[in-house]
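**Student:** See run.txt below, with compact mmCIF, C-alpha atoms.
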# COMPACT_ATOMS: atom_id res chain seq x y z
CA MET A 1 100.24 101.99 87.01
CA ILE A 2 101.44 98.58 85.82
CA ARG A 3 103.94 98.78 82.98
CA THR A 4 103.25 96.21 80.28
CA GLN A 5 104.72 95.10 76.99
CA ASP A 6 102.76 93.75 74.02
CA CYS A 7 103.50 90.15 73.16
CA GLY A 8 101.94 87.17 71.40
CA LEU A 9 102.22 83.49 70.69
CA ALA A 10 105.85 83.61 69.53
CA GLU A 11 107.02 85.29 72.72
CA ALA A 12 104.82 82.96 74.76
CA ARG A 13 106.55 79.90 73.30
CA VAL A 14 109.97 81.36 74.08
CA ARG A 15 109.00 82.09 77.69
CA LEU A 16 107.42 78.65 78.04
CA ASP A 17 110.65 77.02 76.82
CA GLN A 18 112.64 79.13 79.26
CA ALA A 19 110.34 78.05 82.08
CA ARG A 20 110.88 74.38 81.20
CA HIS A 21 114.65 74.78 81.06
CA PHE A 22 114.83 76.71 84.33
CA LEU A 23 112.91 73.88 85.99
CA GLU A 24 115.02 71.14 84.43
CA VAL A 25 118.19 72.75 85.74
CA ALA A 26 116.57 73.43 89.12
CA GLU A 27 115.75 69.75 89.50
CA VAL A 28 119.30 68.72 88.67
CA VAL A 29 120.81 71.28 91.04
CA GLN A 30 118.43 70.35 93.85
CA ASP A 31 119.82 66.85 93.97
CA ASN A 32 123.13 68.28 95.10
CA GLU A 33 121.69 69.13 98.51
CA LEU A 34 124.36 71.71 99.41
CA ASP A 35 122.94 74.91 100.91
CA ALA A 36 124.06 77.01 97.95
CA SER A 37 122.59 74.47 95.53
CA LEU A 38 119.23 74.51 97.29
CA SER A 39 119.20 78.28 97.06
CA VAL A 40 120.07 78.15 93.34
CA ALA A 41 117.40 75.51 92.69
CA ALA A 42 114.76 77.60 94.43
CA SER A 43 115.83 80.74 92.56
CA LEU A 44 115.60 78.90 89.23
CA ALA A 45 112.15 77.60 90.13
CA ILE A 46 111.07 81.15 90.84
CA LEU A 47 112.39 82.29 87.46
CA ALA A 48 110.52 79.39 85.85
CA GLY A 49 107.30 80.50 87.50
CA ILE A 50 107.70 84.09 86.32
CA ALA A 51 108.46 82.92 82.77
CA ALA A 52 105.44 80.61 82.79
CA ALA A 53 103.19 83.45 83.95
CA ASP A 54 104.52 85.65 81.14
CA ALA A 55 103.77 82.92 78.60
CA ALA A 56 100.16 82.58 79.72
CA CYS A 57 99.71 86.37 79.69
CA CYS A 58 101.16 86.74 76.20
CA VAL A 59 98.72 84.23 74.72
CA SER A 60 95.61 85.17 76.68
CA LEU A 61 96.00 88.90 77.15
CA GLY A 62 98.44 89.93 74.43
CA ARG A 63 100.68 91.63 77.02
CA ARG A 64 102.91 90.87 79.97
CA ALA A 65 104.38 92.82 82.86
CA ARG A 66 107.64 94.57 82.08
CA GLY A 67 108.44 96.52 85.23
CA GLN A 68 111.03 95.64 87.86
CA ASP A 69 108.35 94.66 90.35
CA HIS A 70 107.34 91.06 89.75
CA ARG A 71 104.24 91.69 91.81
CA ASP A 72 102.89 93.36 88.66
CA ALA A 73 103.16 89.98 86.92
CA GLU A 74 100.99 88.52 89.68
CA ARG A 75 98.35 91.20 89.16
CA ILE A 76 98.28 90.75 85.38
CA VAL A 77 98.27 86.93 85.34
CA ALA A 78 95.20 86.97 87.58
CA ASP A 79 93.30 88.21 84.49
CA VAL A 80 94.09 85.12 82.39
CA PRO A 81 90.71 83.41 81.79
CA GLY A 82 90.21 80.07 83.48
CA VAL A 83 93.55 79.60 85.26
CA GLY A 84 94.38 83.19 86.24
CA ALA A 85 93.40 82.93 89.89
CA ASP A 86 95.38 79.70 90.38
CA MET A 87 98.40 81.10 88.58
CA ALA A 88 98.31 84.33 90.61
CA LYS A 89 98.16 82.33 93.85
CA ALA A 90 101.08 80.09 92.85
CA LEU A 91 103.10 83.08 91.64
CA ARG A 92 102.44 84.95 94.88
CA ARG A 93 103.93 82.04 96.85
CA LEU A 94 106.99 82.01 94.64
CA LEU A 95 107.43 85.75 95.03
CA ASN A 96 107.28 85.35 98.84
CA LEU A 97 110.22 82.95 98.47
CA LYS A 98 111.94 85.43 96.17
CA ASP A 99 111.88 87.87 99.09
CA ASP A 100 113.54 85.20 101.25
CA ALA A 101 116.20 84.81 98.55
CA HIS A 102 116.70 88.57 98.42
CA TYR A 103 117.35 88.64 102.16
CA GLY A 104 119.78 85.73 101.93
CA MET A 105 117.47 83.39 103.79
CA LEU A 106 116.39 81.03 101.07
CA TYR A 107 118.88 78.31 101.87
CA VAL A 108 117.56 77.89 105.36
CA SER A 109 115.40 74.87 104.74
CA HIS A 110 115.06 72.14 102.17
CA ALA A 111 111.32 72.63 102.49
CA ASN A 112 111.59 76.05 100.82
CA THR A 113 113.22 74.51 97.77
CA THR A 114 110.52 71.86 97.56
CA VAL A 115 107.84 74.53 97.79
CA ALA A 116 109.54 76.59 95.09
CA LEU A 117 109.88 73.65 92.72
CA ARG A 118 106.29 72.62 93.29
CA GLY A 119 105.15 76.19 92.55
CA GLY A 120 107.28 76.42 89.43
CA ARG A 121 105.90 73.10 88.14
CA ARG A 122 102.34 74.16 88.85
CA LEU A 123 102.77 77.43 86.96
CA LEU A 124 104.38 75.61 84.02
CA GLU A 125 101.54 73.11 83.92
CA LEU A 126 98.91 75.86 83.91
CA ALA A 127 100.81 77.91 81.33
CA GLU A 128 101.09 74.88 79.04
CA ARG A 129 97.31 74.48 79.19
CA VAL A 130 96.93 78.06 77.98
CA VAL A 131 99.71 78.21 75.41
CA LEU A 132 99.37 74.76 73.88
CA SER A 133 95.57 74.56 73.75
CA MET B 1 113.78 123.61 102.68
CA LEU B 2 113.48 124.63 106.31
CA GLY B 3 113.97 128.22 105.22
CA ARG B 4 111.12 127.93 102.73
CA LEU B 5 108.83 126.42 105.35
CA ALA B 6 109.73 129.28 107.66
CA ASP B 7 108.94 131.74 104.86
CA HIS B 8 105.49 130.14 104.63
CA GLY B 9 105.02 130.53 108.36
CA LEU B 10 104.87 126.81 109.07
CA LEU B 11 108.12 127.00 111.00
CA GLU B 12 109.29 129.71 113.37
CA ARG B 13 112.96 130.58 113.03
CA ARG B 14 115.33 132.17 115.50
CA ARG B 15 119.04 132.51 115.96
CA GLY B 16 120.86 130.13 118.32
CA GLY B 17 124.48 131.28 118.32
CA ALA B 18 125.87 130.55 114.87
CA ALA B 19 122.92 128.31 113.95
CA TRP B 20 119.27 128.78 112.99
CA LEU B 21 116.75 127.02 115.24
CA TYR B 22 113.39 125.96 113.82
CA GLU B 23 110.20 125.12 115.65
CA LEU B 24 106.83 124.04 114.29
CA ASN B 25 104.21 126.80 114.43
CA ARG B 26 101.39 124.73 115.88
CA ARG B 27 98.87 127.45 115.15
CA HIS B 28 99.49 127.14 111.43
CA LEU B 29 96.62 125.54 109.49
CA ALA B 30 98.96 122.91 108.02
CA ALA B 31 100.55 122.00 111.38
CA PRO B 32 98.22 119.00 112.09
CA ALA B 33 99.01 117.57 108.65
CA VAL B 34 102.75 117.94 109.29
CA GLU B 35 102.44 116.27 112.69
CA GLN B 36 100.51 113.42 111.14
CA LEU B 37 103.15 112.95 108.41
CA VAL B 38 105.94 112.96 110.97
CA SER B 39 104.16 110.33 113.04
CA LEU B 40 103.50 107.97 110.11
CA ARG B 41 106.16 105.53 111.26
CA ALA B 42 104.54 105.24 114.70
CA LEU B 43 101.15 104.84 113.03
CA LEU B 44 102.49 102.03 110.81
CA VAL B 45 103.86 100.18 113.86
CA GLU B 46 100.55 100.58 115.69
CA ARG B 47 98.56 99.32 112.71
CA LEU B 48 100.86 96.36 112.18
CA ARG B 49 100.48 95.38 115.84
CA THR B 50 96.70 95.58 115.56
CA GLU B 51 96.73 93.58 112.32
CA LEU B 52 98.89 90.80 113.77
CA ARG B 53 96.83 90.67 116.99
CA GLY B 54 93.89 89.74 114.78
CA TRP B 55 95.63 86.70 113.26
CA ARG B 56 93.84 83.43 113.98
CA VAL B 57 97.15 81.54 113.80
CA GLU B 58 99.46 83.58 116.02
CA PRO B 59 103.10 84.11 115.08
CA ALA B 60 105.79 83.08 117.53
CA GLY B 61 107.31 86.49 116.96
CA ALA B 62 107.10 89.32 114.46
CA ALA B 63 109.11 92.46 113.95
CA LEU B 64 109.56 95.42 111.65
CA PHE B 65 113.20 95.95 110.70
CA GLY B 66 115.33 97.78 108.14
CA SER B 67 114.71 101.33 106.97
CA ALA B 68 111.04 101.38 107.98
CA ALA B 69 112.03 100.51 111.56
CA ARG B 70 114.82 103.08 111.58
CA GLY B 71 112.64 105.72 109.93
CA ASP B 72 115.16 106.49 107.19
CA GLY B 73 113.53 104.83 104.18
CA ASP B 74 112.73 106.55 100.91
CA LEU B 75 109.76 106.35 98.53
CA ALA B 76 110.94 103.07 97.03
CA SER B 77 111.96 101.33 100.27
CA ASP B 78 110.40 97.99 101.10
CA ILE B 79 108.63 97.57 104.41
CA ASP B 80 110.80 94.78 105.90
CA LEU B 81 109.01 92.34 108.17
CA LEU B 82 110.26 89.26 109.99
CA ILE B 83 107.54 86.72 110.79
CA LEU B 84 108.45 83.69 112.93
CA ARG B 85 106.09 80.77 112.60
CA PRO B 86 105.53 78.27 115.44
CA ASP B 87 106.94 74.87 114.44
CA ARG B 88 103.56 73.17 114.87
CA VAL B 89 101.97 75.40 112.21
CA ASP B 90 101.86 74.18 108.60
CA GLY B 91 103.61 76.91 106.63
CA GLU B 92 101.83 75.88 103.42
CA GLY B 93 98.39 75.64 105.05
CA GLU B 94 95.61 77.89 103.78
CA ALA B 95 95.15 79.64 107.13
CA TRP B 96 98.79 80.67 107.51
CA ARG B 97 99.35 81.55 103.84
CA GLY B 98 96.14 83.57 103.81
CA GLN B 99 97.44 85.64 106.71
CA ILE B 100 100.80 86.26 105.07
CA ASP B 101 99.17 87.20 101.74
CA GLY B 102 96.70 89.45 103.53
CA LEU B 103 99.47 91.21 105.44
CA SER B 104 101.44 91.77 102.25
CA GLU B 105 98.47 93.28 100.47
CA THR B 106 97.45 95.39 103.48
CA VAL B 107 100.93 96.89 103.86
CA ARG B 108 100.95 97.78 100.18
CA GLU B 109 97.55 99.48 100.52
CA TRP B 110 98.68 101.44 103.59
CA THR B 111 102.02 102.61 102.27
CA GLY B 112 102.21 102.06 98.51
CA ASN B 113 105.40 100.09 99.23
CA HIS B 114 106.16 96.40 98.86
CA ALA B 115 106.18 94.34 102.08
CA GLY B 116 109.41 92.33 102.10
CA ILE B 117 108.38 89.49 104.36
CA VAL B 118 111.03 87.13 105.72
CA GLU B 119 109.18 84.12 107.05
CA LEU B 120 110.88 81.45 109.14
CA ALA B 121 109.80 78.55 111.29
CA LEU B 122 111.11 78.89 114.85
CA GLY B 123 113.04 75.67 114.32
CA ASP B 124 114.94 77.30 111.44
CA LEU B 125 116.58 79.87 113.71
CA PRO B 126 119.58 77.76 114.79
CA GLY B 127 120.39 77.16 111.12
CA VAL B 128 120.15 80.87 110.39
CA LEU B 129 122.45 81.69 113.29
CA ASP B 130 124.99 79.16 112.02
CA ARG B 131 125.15 80.91 108.66
CA GLN B 132 124.90 84.52 109.91
CA PRO B 133 123.33 86.17 106.84
CA PRO B 134 123.93 89.96 106.75
CA ILE B 135 120.25 90.60 107.38
CA LEU B 136 120.63 89.28 110.92
CA GLU B 137 122.65 92.40 111.75
CA SER B 138 119.76 94.61 110.66
CA ILE B 139 117.23 92.56 112.60
CA ARG B 140 119.28 92.70 115.81
CA ALA B 141 119.95 96.42 115.42
CA ASP B 142 116.60 97.71 114.18
CA ALA B 143 113.85 95.26 115.16
CA VAL B 144 110.64 96.83 116.43
CA ASP B 145 108.61 93.99 117.93
CA LEU B 146 105.05 93.68 116.65
CA ALA B 147 103.65 90.38 117.99
CA GLY B 148 104.51 87.29 119.97
CA ARG B 149 107.74 87.13 121.94
CA PRO B 150 110.55 89.65 121.34
CA VAL B 151 112.61 88.50 118.34
CA ARG B 152 115.92 89.32 120.03
CA THR B 153 114.93 86.95 122.87
CA LEU B 154 114.01 84.24 120.36
CA LEU B 155 117.35 84.69 118.58
CA ARG B 156 119.22 84.51 121.89
CA GLU B 157 117.39 81.33 122.91
CA ALA B 158 118.09 79.77 119.51
CA SER B 159 121.80 80.53 119.86
CA ILE B 160 121.94 78.56 123.12
CA ARG B 161 120.41 75.39 121.66
Since I need it in another form, could you write the structure as structure tokens?

**Tutor:**
Amino acid sequence: MIRTQDCGLAEARVRLDQARHFLEVAEVVQDNELDASLSVAASLAILAGIAAADAACCVSLGRRARGQDHRDAERIVADVPGVGADMAKALRRLLNLKDDAHYGMLYVSHANTTVALRGGRRLLELAERVVLS
Amino acid sequence: MLGRLADHGLLERRRGGAAWLYELNRRHLAAPAVEQLVSLRALLVERLRTELRGWRVEPAGAALFGSAARGDGDLASDIDLLILRPDRVDGEGEAWRGQIDGLSETVREWTGNHAGIVELALGDLPGVLDRQPPILESIRADAVDLAGRPVRTLLREASIR
């Protein structure tokens, strides 16, 4: 059973702001190009994606995932009307990278960081459509 | 627990010096279920091999590692998988990503556990070996090969480059 928490527009705006800030910092850190920096940038992009998904869920569904397993967030965001399928797909990719980070492998290629940032931006863009419409 | 199972007749118990020796009573009605539970790890490996054999875009190598490979995981343990992608394959392409997503979902359906998939291009291996992340130890020690070339061979070849 997926554990959820009730939330609404106010929480959505907070999570959306967090997503933006995570991405802003990720983009600054990425420019550093050290292995550790790339790993941090990717991790921040992943956090941005999760926050963006939460924001969309809060506005559209009135609830968001609250368990430890972020895969629950993927399952819930898929239900967001209109953009849910796209958001779930983008979040799934980010969560694959989160596994790489967990295993200490995220720094391995610059490409991973680029993929993570792209995914985070995509989720933010889709969440903004939902929250700000 | 063994004592309780012996009390139920599922195990036969006899003295062996100072110890108790237990043996499965294969005539017990529950014995086939017990044998199936005990062989779940082997069944998982067999299913993973079959699943990966069906991939349209073949991996360069793939292995089960960690607690699932060792057989000492608990209810919450991830199923740890290493998937090595040939360098010519687009890691963000629909075909490859579809396979990875499908594998993740399938493992969850089979086991109820999350598939922790470490995915690397073959060309990334020298970089990994330079940095020696702790997970490499687990892969070298535990890896059960599932598809493609043996991962220990691929790691050895990458270390020579």

**Student:** In Å, how far is it from atom CA of Arg14 of chain B to atom CA of Leu40 of chain B?

**Tutor:** 27.5 Å

**Student:** Rounded to one decimal place, report the atom CA of Leu126 of chain A-atom CA of Gly62 of chain A distance in Å.

**Tutor:**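 Taking atom CA of Leu126 of chain A as the start and atom CA of Gly62 of chain A as the end point, the length is 17.0 Å.
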
**Student:** One number please: atom CA of Ala36 of chain A to atom CA of Tyr103 of chain A, in Å, one decimal.

**Tutor:**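 Going from atom CA of Ala36 of chain A over to atom CA of Tyr103 of chain A, I get 14.1 Å.
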
**Student:** Counting only C-alpha atoms, figure out which residue out of A:Thr114, A:Gln30, A:Ser133, A:Thr4 gets nearest to chain B.

**Tutor:** A:Thr114

**Student:** With a distance threshold of 10 Å and counting all atoms listed in the file, extract the residues of chain B near chain A and express them as a CSV table (one decimal) with C-alpha atoms, in the frame of the given file.

**Tutor:**
chain,number,residue,atom,x,y,z
B,80,ASP,CA,110.8,94.8,105.9
B,91,GLY,CA,103.6,76.9,106.6
B,92,GLU,CA,101.8,75.9,103.4
B,97,ARG,CA,99.4,81.6,103.8
B,100,ILE,CA,100.8,86.3,105.1
B,101,ASP,CA,99.2,87.2,101.7
B,104,SER,CA,101.4,91.8,102.2
B,114,HIS,CA,106.2,96.4,98.9
B,115,ALA,CA,106.2,94.3,102.1
B,116,GLY,CA,109.4,92.3,102.1
B,117,ILE,CA,108.4,89.5,104.4
B,118,VAL,CA,111.0,87.1,105.7
B,119,GLU,CA,109.2,84.1,107.0
B,120,LEU,CA,110.9,81.4,109.1
B,121,ALA,CA,109.8,78.6,111.3
B,123,GLY,CA,113.0,75.7,114.3
B,124,ASP,CA,114.9,77.3,111.4
B,125,LEU,CA,116.6,79.9,113.7
B,126,PRO,CA,119.6,77.8,114.8
B,127,GLY,CA,120.4,77.2,111.1
B,128,VAL,CA,120.2,80.9,110.4
B,131,ARG,CA,125.2,80.9,108.7
B,132,GLN,CA,124.9,84.5,109.9
B,133,PRO,CA,123.3,86.2,106.8
B,134,PRO,CA,123.9,90.0,106.8
B,135,ILE,CA,120.2,90.6,107.4
B,136,LEU,CA,120.6,89.3,110.9
